[in-house]
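**Q** Input file: my_file.tsv. Contents: TSV, C-alpha atoms.
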chain	number	residue	atom	x	y	z
A	1	MET	CA	3.13	-137.35	-6.84
A	2	ARG	CA	-0.31	-138.20	-5.49
A	3	GLU	CA	-1.71	-135.60	-7.88
A	4	TYR	CA	-0.05	-137.41	-10.80
A	5	VAL	CA	-1.90	-140.59	-9.83
A	6	THR	CA	-5.21	-138.82	-9.13
A	7	LEU	CA	-5.17	-137.04	-12.50
A	8	GLY	CA	-4.25	-140.25	-14.30
A	9	HIS	CA	-0.87	-138.90	-15.40
A	10	MET	CA	1.00	-141.91	-14.03
A	11	GLU	CA	0.01	-145.44	-13.11
A	12	ALA	CA	1.52	-148.29	-11.13
A	13	ILE	CA	2.57	-151.40	-13.02
A	14	GLU	CA	2.43	-154.70	-11.21
A	15	THR	CA	4.93	-156.77	-13.22
A	16	ASN	CA	8.65	-156.21	-12.92
A	17	PRO	CA	10.48	-155.96	-16.25
A	18	THR	CA	12.68	-158.92	-17.11
A	19	ASN	CA	14.71	-157.12	-19.78
A	20	PHE	CA	16.24	-153.95	-18.33
A	21	THR	CA	17.61	-152.95	-21.74
A	22	GLN	CA	14.01	-152.28	-22.81
A	23	CYS	CA	13.02	-149.73	-20.16
A	24	TYR	CA	14.37	-146.66	-18.39
A	25	TYR	CA	13.93	-145.42	-14.84
A	26	ILE	CA	13.92	-141.63	-14.59
A	27	PRO	CA	15.47	-140.22	-11.41
A	28	HIS	CA	13.32	-137.52	-9.83
A	29	HIS	CA	13.39	-135.12	-6.90
A	30	ALA	CA	11.43	-132.21	-5.49
A	31	VAL	CA	12.44	-128.57	-5.73
A	32	THR	CA	11.18	-125.90	-3.38
A	33	GLY	CA	10.19	-122.34	-4.14
A	34	LYS	CA	7.45	-123.12	-6.61
A	35	PHE	CA	7.17	-126.68	-5.32
A	36	ARG	CA	7.22	-129.26	-8.09
A	37	VAL	CA	8.78	-132.54	-9.20
A	38	VAL	CA	11.82	-132.52	-11.47
A	39	PHE	CA	12.52	-135.53	-13.70
A	40	ASN	CA	16.14	-135.97	-14.79
A	41	ALA	CA	16.20	-137.97	-18.03
A	42	SER	CA	19.82	-136.86	-18.56
A	43	SER	CA	20.96	-139.19	-15.80
A	44	LYS	CA	23.32	-141.84	-17.17
A	45	THR	CA	22.56	-145.54	-16.85
A	46	THR	CA	25.16	-148.20	-16.01
A	47	ASN	CA	26.22	-148.24	-19.68
A	48	GLY	CA	26.93	-144.50	-19.61
A	49	VAL	CA	23.93	-143.53	-21.78
A	50	SER	CA	20.91	-141.52	-20.65
A	51	LEU	CA	17.42	-141.45	-22.12
A	52	ASN	CA	18.05	-137.94	-23.45
A	53	ASP	CA	21.19	-139.18	-25.23
A	54	THR	CA	18.94	-141.37	-27.40
A	55	HIS	CA	16.34	-138.71	-28.30
A	56	PHE	CA	16.18	-136.02	-30.94
A	57	SER	CA	15.06	-132.70	-29.49
A	58	GLY	CA	13.21	-131.85	-32.72
A	59	GLN	CA	13.22	-128.75	-34.88
A	60	GLN	CA	12.08	-125.32	-33.74
A	61	LEU	CA	8.33	-125.06	-34.32
A	62	GLN	CA	7.53	-121.64	-32.90
A	63	ASP	CA	8.67	-118.15	-33.80
A	64	ASN	CA	11.59	-116.38	-32.13
A	65	LEU	CA	11.03	-114.53	-28.87
A	66	VAL	CA	11.57	-111.12	-30.45
A	67	ASP	CA	8.94	-111.74	-33.14
A	68	ILE	CA	6.39	-112.84	-30.54
A	69	LEU	CA	7.13	-109.82	-28.34
A	70	HIS	CA	6.70	-107.48	-31.32
A	71	ARG	CA	3.27	-108.96	-32.08
A	72	PHE	CA	2.40	-108.65	-28.41
A	73	ARG	CA	2.92	-104.86	-28.56
A	74	ARG	CA	1.82	-104.25	-32.12
A	75	TYR	CA	-1.73	-103.16	-31.24
A	76	ALA	CA	-3.22	-101.20	-28.35
A	77	ILE	CA	-4.89	-104.01	-26.36
A	78	ALA	CA	-2.52	-106.72	-25.16
A	79	ILE	CA	-3.65	-110.07	-23.73
A	80	THR	CA	-1.64	-112.87	-22.14
A	81	ALA	CA	-2.36	-116.30	-20.65
A	82	ASP	CA	-0.70	-119.65	-20.19
A	83	ILE	CA	-1.72	-123.27	-20.64
A	84	ARG	CA	-2.37	-125.16	-17.42
A	85	LYS	CA	0.00	-128.17	-17.16
A	86	MET	CA	0.62	-128.09	-20.92
A	87	PHE	CA	2.98	-131.07	-21.22
A	88	ARG	CA	0.76	-133.26	-19.08
A	89	GLN	CA	-2.23	-132.76	-21.38
A	90	VAL	CA	-0.48	-134.77	-24.13
A	91	TRP	CA	-0.60	-138.57	-23.87
A	92	VAL	CA	2.40	-140.75	-24.68
A	93	ASP	CA	1.74	-143.88	-26.73
A	94	PRO	CA	1.36	-146.81	-24.26
A	95	ARG	CA	4.06	-148.72	-26.15
A	96	HIS	CA	6.61	-146.03	-25.27
A	97	ARG	CA	5.76	-145.48	-21.62
A	98	LYS	CA	8.29	-148.13	-20.56
A	99	TRP	CA	10.93	-145.44	-21.21
A	100	GLN	CA	9.22	-143.22	-18.63
A	101	GLN	CA	9.29	-145.42	-15.54
A	102	ILE	CA	9.97	-144.19	-12.02
A	103	LEU	CA	10.31	-145.71	-8.57
A	104	TRP	CA	8.15	-144.19	-5.84
A	105	ARG	CA	6.71	-144.73	-2.40
A	106	GLU	CA	5.06	-142.19	-0.12
A	107	SER	CA	6.71	-143.50	3.03
A	108	PRO	CA	9.93	-145.39	3.85
A	109	ASN	CA	7.69	-147.99	5.47
A	110	GLU	CA	6.07	-148.80	2.14
A	111	THR	CA	7.38	-151.09	-0.58
A	112	LEU	CA	8.90	-149.38	-3.62
A	113	ARG	CA	6.55	-149.51	-6.58
A	114	ILE	CA	7.16	-149.06	-10.29
A	115	TYR	CA	5.11	-146.37	-12.03
A	116	GLN	CA	4.91	-145.33	-15.67
A	117	LEU	CA	4.42	-141.69	-16.61
A	118	LYS	CA	1.58	-141.61	-19.14
A	119	THR	CA	2.00	-138.07	-20.48
A	120	VAL	CA	4.72	-135.96	-22.07
A	121	THR	CA	7.23	-135.40	-19.27
A	122	TYR	CA	9.16	-132.22	-18.59
A	123	GLY	CA	12.87	-133.04	-18.50
A	124	ILE	CA	12.94	-135.34	-21.53
A	125	ALA	CA	14.73	-133.88	-24.56
A	126	CYS	CA	11.89	-134.41	-27.05
A	127	SER	CA	9.08	-133.26	-24.73
A	128	PRO	CA	8.97	-129.56	-25.74
A	129	TYR	CA	8.74	-130.55	-29.40
A	130	ASN	CA	6.01	-133.13	-28.75
A	131	ALA	CA	3.90	-130.74	-26.65
A	132	ILE	CA	4.24	-127.85	-29.12
A	133	ARG	CA	3.52	-130.14	-32.07
A	134	ALA	CA	0.32	-131.30	-30.34
A	135	LEU	CA	-0.66	-127.67	-29.74
A	136	ILE	CA	-0.17	-126.84	-33.42
A	137	GLN	CA	-2.21	-129.85	-34.51
A	138	CYS	CA	-4.96	-128.84	-32.09
A	139	ALA	CA	-5.17	-125.43	-33.79
A	140	LEU	CA	-5.30	-126.99	-37.26
A	141	ASP	CA	-7.87	-129.63	-36.33
A	142	ASN	CA	-10.28	-127.58	-34.25
A	143	ALA	CA	-10.40	-124.07	-35.75
A	144	GLU	CA	-13.61	-125.03	-37.57
A	145	ALA	CA	-15.33	-125.07	-34.17
A	146	ILE	CA	-15.57	-121.29	-34.61
A	147	ILE	CA	-18.48	-120.80	-37.01
A	148	ASP	CA	-17.40	-117.40	-38.32
A	149	GLY	CA	-14.67	-118.11	-40.90
A	150	SER	CA	-12.67	-114.92	-40.39
A	151	ARG	CA	-12.72	-115.32	-36.60
A	152	ALA	CA	-11.69	-118.97	-36.93
A	153	ALA	CA	-8.73	-118.07	-39.14
A	154	ALA	CA	-7.67	-115.24	-36.81
A	155	ALA	CA	-7.80	-117.50	-33.75
A	156	ARG	CA	-5.96	-120.34	-35.52
A	157	ASN	CA	-3.19	-117.98	-36.67
A	158	SER	CA	-2.99	-116.50	-33.20
A	159	ILE	CA	-2.32	-119.96	-31.74
A	160	LEU	CA	0.25	-120.72	-34.45
A	161	GLN	CA	2.09	-117.39	-34.14
A	162	CYS	CA	1.60	-116.06	-30.61
A	163	PHE	CA	2.65	-118.94	-28.37
A	164	TYR	CA	6.08	-119.56	-26.89
A	165	VAL	CA	5.73	-123.09	-25.49
A	166	ASP	CA	2.83	-122.59	-23.02
A	167	ASP	CA	2.88	-118.77	-22.89
A	168	TYR	CA	0.29	-116.97	-24.99
A	169	LEU	CA	0.76	-113.30	-25.98
A	170	ASP	CA	-1.30	-111.39	-28.53
A	171	SER	CA	-2.59	-107.89	-29.19
A	172	VAL	CA	-5.63	-106.46	-30.98
A	173	ASP	CA	-7.16	-103.08	-31.76
A	174	THR	CA	-10.18	-102.97	-29.43
A	175	THR	CA	-11.57	-104.32	-26.17
A	176	GLU	CA	-14.28	-106.23	-28.04
A	177	MET	CA	-11.71	-107.89	-30.28
A	178	ALA	CA	-9.62	-108.86	-27.23
A	179	VAL	CA	-12.58	-110.63	-25.62
A	180	ILE	CA	-13.56	-112.40	-28.86
A	181	ARG	CA	-9.98	-113.50	-29.52
A	182	ALA	CA	-9.58	-114.87	-26.00
A	183	GLN	CA	-12.88	-116.76	-26.23
A	184	ASP	CA	-12.13	-118.21	-29.68
A	185	VAL	CA	-8.59	-119.30	-28.81
A	186	SER	CA	-9.85	-120.90	-25.57
A	187	THR	CA	-12.61	-122.75	-27.43
A	188	ILE	CA	-10.20	-124.21	-29.98
A	189	LEU	CA	-7.62	-125.27	-27.40
A	190	GLN	CA	-10.12	-126.81	-24.99
A	191	LEU	CA	-11.13	-129.25	-27.71
A	192	GLY	CA	-7.58	-130.62	-27.49
A	193	GLY	CA	-7.53	-130.63	-23.69
A	194	PHE	CA	-5.49	-127.42	-23.34
A	195	VAL	CA	-6.93	-124.98	-20.78
A	196	LEU	CA	-5.82	-121.35	-20.73
A	197	ASP	CA	-5.67	-119.53	-17.40
A	198	LYS	CA	-3.88	-116.62	-15.65
A	199	TRP	CA	-5.34	-114.16	-18.14
A	200	ASN	CA	-3.85	-110.66	-18.12
A	201	SER	CA	-4.44	-107.52	-20.14
A	202	ASN	CA	-3.51	-103.85	-20.12
A	203	CYS	CA	-7.24	-103.19	-20.58
A	204	SER	CA	-9.11	-103.78	-17.32
A	205	ARG	CA	-12.50	-104.04	-19.09
A	206	ALA	CA	-11.19	-106.73	-21.42
A	207	GLN	CA	-9.60	-108.70	-18.59
A	208	ALA	CA	-12.68	-108.44	-16.38
A	209	THR	CA	-14.88	-109.79	-19.18
A	210	ILE	CA	-12.46	-112.61	-20.04
A	211	CYS	CA	-12.09	-113.61	-16.38
A	212	GLY	CA	-15.78	-113.13	-15.55
A	213	SER	CA	-15.18	-110.55	-12.81
A	214	SER	CA	-16.01	-106.88	-12.30
A	215	VAL	CA	-13.58	-104.07	-13.14
A	216	ALA	CA	-13.76	-102.86	-9.52
A	217	ASP	CA	-12.80	-106.29	-8.11
A	218	LEU	CA	-10.02	-106.56	-10.66
A	219	ALA	CA	-8.57	-103.17	-9.68
A	220	ILE	CA	-8.42	-104.24	-6.03
A	221	ASN	CA	-6.63	-107.48	-6.90
A	222	LEU	CA	-4.12	-105.95	-9.32
A	223	GLY	CA	-2.55	-103.21	-7.19
A	224	ASP	CA	1.12	-103.00	-8.19
A	225	HIS	CA	0.86	-106.39	-9.86
A	226	ASP	CA	3.37	-107.35	-12.51
A	227	THR	CA	3.82	-110.55	-14.45
A	228	LYS	CA	6.54	-112.34	-16.39
A	229	VAL	CA	6.44	-112.02	-20.19
A	230	LEU	CA	9.03	-114.18	-21.95
A	231	GLY	CA	11.83	-113.23	-19.58
A	232	LEU	CA	10.71	-109.62	-19.15
A	233	HIS	CA	8.45	-108.15	-16.47
A	234	TRP	CA	5.22	-106.48	-17.51
A	235	ASN	CA	2.99	-104.29	-15.39
A	236	PRO	CA	-0.39	-104.37	-17.15
A	237	VAL	CA	-1.72	-101.43	-15.06
A	238	THR	CA	1.02	-99.00	-16.09
A	239	ASP	CA	1.62	-100.99	-19.31
A	240	ASN	CA	5.39	-101.00	-18.88
A	241	LEU	CA	7.88	-103.68	-19.86
A	242	PHE	CA	10.96	-103.74	-17.62
A	243	PHE	CA	13.80	-105.80	-16.16
A	244	LYS	CA	14.41	-106.58	-12.50
A	245	THR	CA	18.06	-106.86	-11.43
In structure tokens, what does this structure look like?
**A**
Amino acid sequence: MREYVTLGHMEAIETNPTNFTQCYYIPHHAVTGKFRVVFNASSKTTNGVSLNDTHFSGQQLQDNLVDILHRFRRYAIAITADIRKMFRQVWVDPRHRKWQQILWRESPNETLRIYQLKTVTYGIACSPYNAIRALIQCALDNAEAIIDGSRAAAARNSILQCFYVDDYLDSVDTTEMAVIRAQDVSTILQLGGFVLDKWNSNCSRAQATICGSSVADLAINLGDHDTKVLGLHWNPVTDNLFFKT
């Protein structure tokens, strides 16, 4: 929660609301494992209605999983990455933040304070749509940052067709093309505040260049490494897709 404040993703408000029909307090709790905060906007208020009951979830904006997986294995060199804190890179209009209020204090000895979440919040029904829609607009607005027209079009289409929420999966013919595609997609997305990390590839030379490391160092770090790919497991060293049961 301190990180939310430090990054400017939530802020304390000093005035208590006088009309409780014009705001919503989202219950929240921590989960262990991969430690994080969970916001439950499906929690009912005293009138039996939750915030999620009042929201449209929005239409599907991205392709089906199977289509994305097929593109991922269409060509020889596969690359993957994900967007760091994707939802929290998208600001919510200040007029609407009153629907994203929480109560928080770091210690039971402190006074409860009211905070407003300033960014798209995971756990709200419309949040996936809003984050994905912002990602799409980022691709449309910023592709011209790539001077070469054909590369710009390829990178823009890659963003539009090869993302499933924050997971990026694409494939190309050669190592050089993999590096160029990764650089171009990163350039476009960074202009909208989206940062790609956790790069992976079945080509160690491509991954080393993208990550700015040596092939030898990469080989030591990979070992029997495998990663999640849209519900499947993928070992980029052996280049196998598999399930774990």
**Q** Per residue of segment 58-157 of chain A within 12 Å of segment 6-22 of chain A, what are the shortest atom pair and its distance in Å to one decimal, counting all atoms listed in the file, with rows by chain and residue number, as JSON lines?
**A**
{"residue": "A:Lys85", "atom": "CA", "partner": "A:His9", "partner_atom": "CA", "distance": 10.9}
{"residue": "A:Phe87", "atom": "CA", "partner": "A:His9", "partner_atom": "CA", "distance": 10.5}
{"residue": "A:Arg88", "atom": "CA", "partner": "A:His9", "partner_atom": "CA", "distance": 6.9}
{"residue": "A:Gln89", "atom": "CA", "partner": "A:His9", "partner_atom": "CA", "distance": 8.7}
{"residue": "A:Val90", "atom": "CA", "partner": "A:His9", "partner_atom": "CA", "distance": 9.7}
{"residue": "A:Trp91", "atom": "CA", "partner": "A:His9", "partner_atom": "CA", "distance": 8.5}
{"residue": "A:Val92", "atom": "CA", "partner": "A:His9", "partner_atom": "CA", "distance": 10.0}
{"residue": "A:Pro94", "atom": "CA", "partner": "A:Glu11", "partner_atom": "CA", "distance": 11.3}
{"residue": "A:Arg95", "atom": "CA", "partner": "A:Gln22", "partner_atom": "CA", "distance": 11.1}
{"residue": "A:His96", "atom": "CA", "partner": "A:Gln22", "partner_atom": "CA", "distance": 10.0}
{"residue": "A:Arg97", "atom": "CA", "partner": "A:Met10", "partner_atom": "CA", "distance": 9.6}
{"residue": "A:Lys98", "atom": "CA", "partner": "A:Gln22", "partner_atom": "CA", "distance": 7.4}
{"residue": "A:Trp99", "atom": "CA", "partner": "A:Gln22", "partner_atom": "CA", "distance": 7.7}
{"residue": "A:Gln100", "atom": "CA", "partner": "A:Met10", "partner_atom": "CA", "distance": 9.5}
{"residue": "A:Gln101", "atom": "CA", "partner": "A:Met10", "partner_atom": "CA", "distance": 9.1}
{"residue": "A:Ile102", "atom": "CA", "partner": "A:Ala12", "partner_atom": "CA", "distance": 9.4}
{"residue": "A:Leu103", "atom": "CA", "partner": "A:Ala12", "partner_atom": "CA", "distance": 9.5}
{"residue": "A:Trp104", "atom": "CA", "partner": "A:Ala12", "partner_atom": "CA", "distance": 9.4}
{"residue": "A:Arg105", "atom": "CA", "partner": "A:Ala12", "partner_atom": "CA", "distance": 10.8}
{"residue": "A:Leu112", "atom": "CA", "partner": "A:Ala12", "partner_atom": "CA", "distance": 10.6}
{"residue": "A:Arg113", "atom": "CA", "partner": "A:Ala12", "partner_atom": "CA", "distance": 6.9}
{"residue": "A:Ile114", "atom": "CA", "partner": "A:Ala12", "partner_atom": "CA", "distance": 5.8}
{"residue": "A:Tyr115", "atom": "CA", "partner": "A:Ala12", "partner_atom": "CA", "distance": 4.2}
{"residue": "A:Gln116", "atom": "CA", "partner": "A:Met10", "partner_atom": "CA", "distance": 5.4}
{"residue": "A:Leu117", "atom": "CA", "partner": "A:Met10", "partner_atom": "CA", "distance": 4.3}
{"residue": "A:Lys118", "atom": "CA", "partner": "A:Met10", "partner_atom": "CA", "distance": 5.2}
{"residue": "A:Thr119", "atom": "CA", "partner": "A:His9", "partner_atom": "CA", "distance": 5.9}
{"residue": "A:Val120", "atom": "CA", "partner": "A:His9", "partner_atom": "CA", "distance": 9.2}
{"residue": "A:Thr121", "atom": "CA", "partner": "A:His9", "partner_atom": "CA", "distance": 9.6}
**Q** Kindly give the distance, in Å, that separates atom CA of Ala81 of chain A and atom CA of Asp166 of chain A, rounded to a single decimal.
**A** 8.5 Å
**Q** Suppose you want the space between atom CA of Thr111 of chain A and atom CA of Val5 of chain A; what is it in Å?
**A**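 Rounded to one decimal, the two atoms are 16.8 Å apart.
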**Q** Have a look at A:Gln161, A:Ala152, A:Cys23, A:Val37 and name the one nearest to Tyr4 of chain A; count only C-alpha atoms.
**A**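 Using only C-alpha atoms, Tyr4 of chain A sits closest to A:Val37.
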**Q** Return the single residue from A:Asp226, A:Asp239, A:Glu106, A:Asp82 that is closest to Leu189 of chain A, with distances computed using only C-alpha atoms.
**A**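 Comparing A:Asp226, A:Asp239, A:Glu106, A:Asp82 against Leu189 of chain A, the winner is A:Asp82.
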**Q** Extract, using only C-alpha atoms, all DNA, RNA and protein residues at most 9 Å from segment 64-76 of chain A, discarding same-chain residues fewer than 3 positions from it, and format them as a list of chain:residue names.
**A**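 Returned residues: A:Ile79, A:Thr80, A:Gln161, A:Cys162, A:Phe163, A:Tyr164, A:Leu169, A:Asp170, A:Ser171, A:Val172, A:Asp173, A:Thr174, A:Asn202, A:Cys203, A:Val229, A:Leu230.
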**Q** So how far away is atom CA of Phe39 of chain A from atom CA of Tyr25 of chain A, in Å?
**A**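 Here the two named atoms are 10.1 Å from each other.
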**Q** Nearest to Arg84 of chain A among A:Ile180, A:Val49, A:Leu232, A:Val165, with distances taken over only C-alpha atoms: which residue is it?
**A**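 Selected residue with least distance to Arg84 of chain A: A:Val165.
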**Q** Extract, using all atoms listed in the file, all DNA, RNA and protein residues at most 7 Å from Ala206 of chain A, discarding same-chain residues fewer than 2 positions from it, and format them as a PyMOL selection string.
**A** chain A and resi 175+178-179+201+203-204+208-210
**Q** Return the single residue from A:Asn40, A:Thr45, A:Asn52, A:Gln183 that is closest to Leu196 of chain A, with distances computed using all atoms listed in the file.
**A**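 That would be A:Gln183, the residue with the smallest distance to Leu196 of chain A.
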**Q** For each of A:His29, A:Arg181, A:Asn130, A:Asn109, take the minimum atom-to-atom distance to His55 of chain A, counting all atoms listed in the file, then give the residue where this is smallest.
**A**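 Using all atoms listed in the file, His55 of chain A sits closest to A:Asn130.
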**Q** For a cutoff of 10 Å around the file-coordinate point (14.8, -108.7, -13.5), which residues qualify once you count all atoms listed in the file? I'd like the result as a PyMOL selection string.
**A** chain A and resi 228+231-233+242-245
**Q** For Thr187 of chain A, please output as a list in words all residues within 8 Å (counting all atoms listed in the file; exclusion window: fewer than 4 positions along the same chain).
**A**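 In the requested format, the answer is Ala145, Ile146, Gln183 and Leu191 of chain A.
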**Q** With distances taken over only C-alpha atoms, which of A:Ser42, A:Thr227, A:Ser127, A:Thr32 is nearest to Ser57 of chain A?
**A**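 Closest residue, counting only C-alpha atoms: A:Ser127.
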**Q** Extract, using all atoms listed in the file, all DNA, RNA and protein residues at most 10 Å from Asn157 of chain A, discarding same-chain residues fewer than 5 positions from it, and format them as a list in words.
**A**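 Residues near the query, excluding close chain neighbours: Ile136, Ala139, Leu140, Ala143, Arg151, Ala152, Cys162 and Val185 of chain A.
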